[in-house]
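Content type CSV, C-alpha atoms, from the file coords.csv:
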chain,number,residue,atom,x,y,z
A,1,MET,CA,24.6,17.2,26.7
A,2,ARG,CA,23.0,13.8,27.6
A,3,VAL,CA,19.5,13.0,28.8
A,4,TRP,CA,18.9,9.3,29.9
A,5,GLY,CA,22.1,8.5,28.1
A,6,VAL,CA,20.8,10.1,24.8
A,7,LYS,CA,22.6,12.9,23.1
A,8,ILE,CA,20.5,16.0,22.5
A,9,LYS,CA,21.3,15.7,18.8
A,10,GLN,CA,19.6,12.3,18.8
A,11,ILE,CA,16.5,13.7,20.5
A,12,ILE,CA,16.3,16.5,17.9
A,13,ALA,CA,16.6,13.8,15.1
A,14,ILE,CA,13.7,11.9,16.7
A,15,LEU,CA,11.5,15.0,16.7
A,16,THR,CA,12.5,16.2,13.3
A,17,PHE,CA,12.6,12.9,11.3
A,18,PRO,CA,10.5,10.4,13.2
A,19,TYR,CA,10.8,7.6,10.6
A,20,GLU,CA,14.6,7.8,10.6
A,21,ALA,CA,14.5,7.6,14.4
A,22,ILE,CA,12.6,4.3,14.5
A,23,PRO,CA,15.8,2.1,14.8
A,24,LEU,CA,17.1,4.3,17.7
A,25,LEU,CA,13.7,4.2,19.5
A,26,ILE,CA,13.5,0.4,19.1
A,27,GLU,CA,17.0,0.1,20.6
A,28,PHE,CA,16.0,2.3,23.6
A,29,LEU,CA,12.8,0.3,23.9
A,30,GLN,CA,14.7,-3.0,24.1
A,31,LYS,CA,17.5,-1.7,26.4
A,32,THR,CA,15.7,0.4,29.0
A,33,ASN,CA,14.7,-1.0,32.4
A,34,ASN,CA,12.5,2.0,33.2
A,35,HIS,CA,8.9,0.9,32.5
A,36,GLN,CA,7.7,4.5,32.3
A,37,LEU,CA,10.3,5.3,29.6
A,38,ARG,CA,9.5,2.1,27.8
A,39,ASN,CA,5.8,2.9,27.7
A,40,GLU,CA,6.5,6.4,26.4
A,41,ILE,CA,8.8,5.0,23.7
A,42,ALA,CA,6.2,2.4,22.7
A,43,LEU,CA,3.5,5.1,22.5
A,44,CYS,CA,5.8,7.3,20.4
A,45,LEU,CA,6.5,4.4,18.0
A,46,SER,CA,2.7,3.8,17.9
A,47,ASP,CA,2.1,7.4,16.9
A,48,ILE,CA,4.8,7.2,14.2
A,49,GLY,CA,2.8,4.3,12.8
A,50,ASP,CA,5.4,2.3,10.9
A,51,ASP,CA,4.7,-1.5,10.8
A,52,GLU,CA,8.3,-2.3,11.5
A,53,VAL,CA,7.7,-1.7,15.2
A,54,VAL,CA,5.1,-4.5,15.6
A,55,LYS,CA,7.6,-7.3,16.0
A,56,PRO,CA,9.9,-5.5,18.5
A,57,LEU,CA,6.8,-4.5,20.6
A,58,ILE,CA,5.6,-8.1,20.6
A,59,ASP,CA,9.1,-9.3,21.6
A,60,ILE,CA,9.1,-6.8,24.5
A,61,ILE,CA,5.6,-7.9,25.6
A,62,ASN,CA,6.7,-11.5,25.6
A,63,HIS,CA,9.8,-10.9,27.7
A,64,PRO,CA,9.4,-12.5,31.2
A,65,LYS,CA,10.4,-9.2,32.9
A,66,ARG,CA,7.3,-7.5,31.4
A,67,LEU,CA,4.8,-9.8,33.1
A,68,GLY,CA,3.4,-7.0,35.3
A,69,SER,CA,3.7,-4.1,32.8
A,70,ARG,CA,2.3,-5.1,29.4
A,71,GLY,CA,-1.0,-3.2,29.1
A,72,THR,CA,0.4,0.0,27.6
A,73,LEU,CA,2.7,-1.9,25.3
A,74,LEU,CA,-0.3,-3.8,24.0
A,75,TYR,CA,-2.2,-0.5,23.7
A,76,ALA,CA,0.7,0.7,21.5
A,77,LEU,CA,-0.2,-2.0,19.0
A,78,GLN,CA,-3.7,-0.5,18.3
A,79,PRO,CA,-2.9,1.3,15.1
A,80,PHE,CA,-1.3,-1.8,13.5
A,81,ASP,CA,-2.6,-4.9,11.7
A,82,CYS,CA,-2.0,-7.6,14.2
A,83,SER,CA,-3.7,-10.4,12.3
A,84,GLN,CA,-0.4,-12.3,11.9
A,85,HIS,CA,-0.2,-12.4,15.7
A,86,LEU,CA,-3.6,-13.8,16.5
A,87,ASP,CA,-2.2,-16.8,18.5
A,88,PHE,CA,-0.1,-14.4,20.6
A,89,LEU,CA,-3.2,-12.3,21.3
A,90,LEU,CA,-5.4,-15.2,22.2
A,91,ASN,CA,-2.8,-16.5,24.6
A,92,LEU,CA,-2.7,-13.1,26.3
A,93,LEU,CA,-6.5,-13.0,26.4
A,94,ILE,CA,-6.5,-16.3,28.3
A,95,THR,CA,-3.5,-15.8,30.6
A,96,GLY,CA,-3.1,-12.1,31.1
A,97,ASN,CA,-4.3,-9.9,33.9
A,98,PHE,CA,-7.4,-7.7,33.4
A,99,GLU,CA,-5.7,-4.9,31.6
A,100,VAL,CA,-3.8,-7.3,29.3
A,101,GLN,CA,-7.0,-9.2,28.6
A,102,ALA,CA,-8.8,-6.0,27.8
A,103,GLU,CA,-6.1,-4.8,25.4
A,104,ALA,CA,-5.8,-8.2,23.7
A,105,PHE,CA,-9.6,-8.3,23.3
A,106,GLN,CA,-9.6,-4.9,21.6
A,107,LEU,CA,-6.8,-6.0,19.2
A,108,ILE,CA,-8.7,-9.2,18.4
A,109,GLU,CA,-11.9,-7.3,17.8
A,110,ALA,CA,-10.1,-5.0,15.5
A,111,ILE,CA,-8.8,-8.0,13.5
A,112,ARG,CA,-12.3,-9.5,13.5
A,113,GLY,CA,-13.8,-6.2,12.3
A,114,LYS,CA,-11.4,-5.9,9.4
A,115,SER,CA,-12.0,-9.4,8.2
A,116,GLN,CA,-15.8,-8.9,8.4
A,117,ARG,CA,-15.5,-5.7,6.4
A,118,LYS,CA,-13.6,-7.5,3.8
A,119,ARG,CA,-16.1,-10.3,3.6
A,120,TYR,CA,-19.2,-8.3,3.7
A,121,PRO,CA,-18.8,-5.0,1.7
A,122,LYS,CA,-21.5,-2.4,2.1
A,123,VAL,CA,-24.1,-2.7,-0.6
A,124,SER,CA,-25.5,0.4,-2.1
A,125,THR,CA,-29.3,0.7,-2.0
A,126,GLU,CA,-29.5,3.1,-4.9

For the file at hand, write its structure as structure tokens.
Amino acid sequence: MRVWGVKIKQIIAILTFPYEAIPLLIEFLQKTNNHQLRNEIALCLSDIGDDEVVKPLIDIINHPKRLGSRGTLLYALQPFDCSQHLDFLLNLLITGNFEVQAEAFQLIEAIRGKSQRKRYPKVSTE
């Protein structure tokens, strides 16, 4: 049986072994034209939390067809260290719509927060 062109066995594999399903989910993310399905896949990849999904998510966000539907895709980047993609985020902060700007700002703030914590460790008063 197939759902959205996916075999039920593949769906069970995704649910049972999420890390092994990452390549399959990335493939679906890249191939689907359904923005709701794309968003759900992005959120699923975000929940799995493996850093290998950052580059494919950024590639999808950069695609010209995604111009009006990037907010959730950016939100999916929240758990990851995006410090290597600061230029990309700054560009979105300047050129994006309100939702894209808000998500880019959150990601930049997270980067800023991490760098400040590294620079200024908490000093014990004891």

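If you measure from each of A:Ala104, A:Leu92, A:Ile111, A:Leu25 to Asn39 of chain A using only C-alpha atoms, the closest one turns out to be A:Leu25.
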
remark   = atom CA of Lys65 of chain A to atom CA of Asp87 of chain A measures 20.6 Å

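Closest to Asn97 of chain A among A:Asn62, A:Ser69, A:Ser46, A:Asn34 is A:Ser69, based on only C-alpha atoms.
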
key: Å distance separating atom CA of Thr72 of chain A from atom CA of Asn91 of chain A, one decimal place   = 17.1 Å

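Separating atom CA of Glu99 of chain A from atom CA of Leu67 of chain A is a distance of 11.7 Å.
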
Selection: 8 Å around Val100 of chain A, all atoms listed in the file, excl. self and same-chain fewer than 6 positions, as a compact mmCIF listing (two decimals) with C-alpha atoms, in the coordinates of the input:
# COMPACT_ATOMS: atom_id res chain seq x y z
CA ARG A 70 2.30 -5.10 29.40
CA GLY A 71 -1.00 -3.20 29.10
CA LEU A 74 -0.30 -3.80 24.00
CA LEU A 92 -2.70 -13.10 26.30
CA LEU A 93 -6.50 -13.00 26.40

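Omitting Arg38 of chain A and its sequence neighbours fewer than 2 positions away, and counting all atoms listed in the file, the residues within 10 Å are A:Leu25, A:Ile26, A:Phe28, A:Leu29, A:Gln30, A:Lys31, A:Thr32, A:Asn33, A:Asn34, A:His35, A:Gln36, A:Glu40, A:Ile41, A:Ala42, A:Leu43, A:Cys44, A:Ile60, A:Ser69, A:Thr72, A:Leu73.
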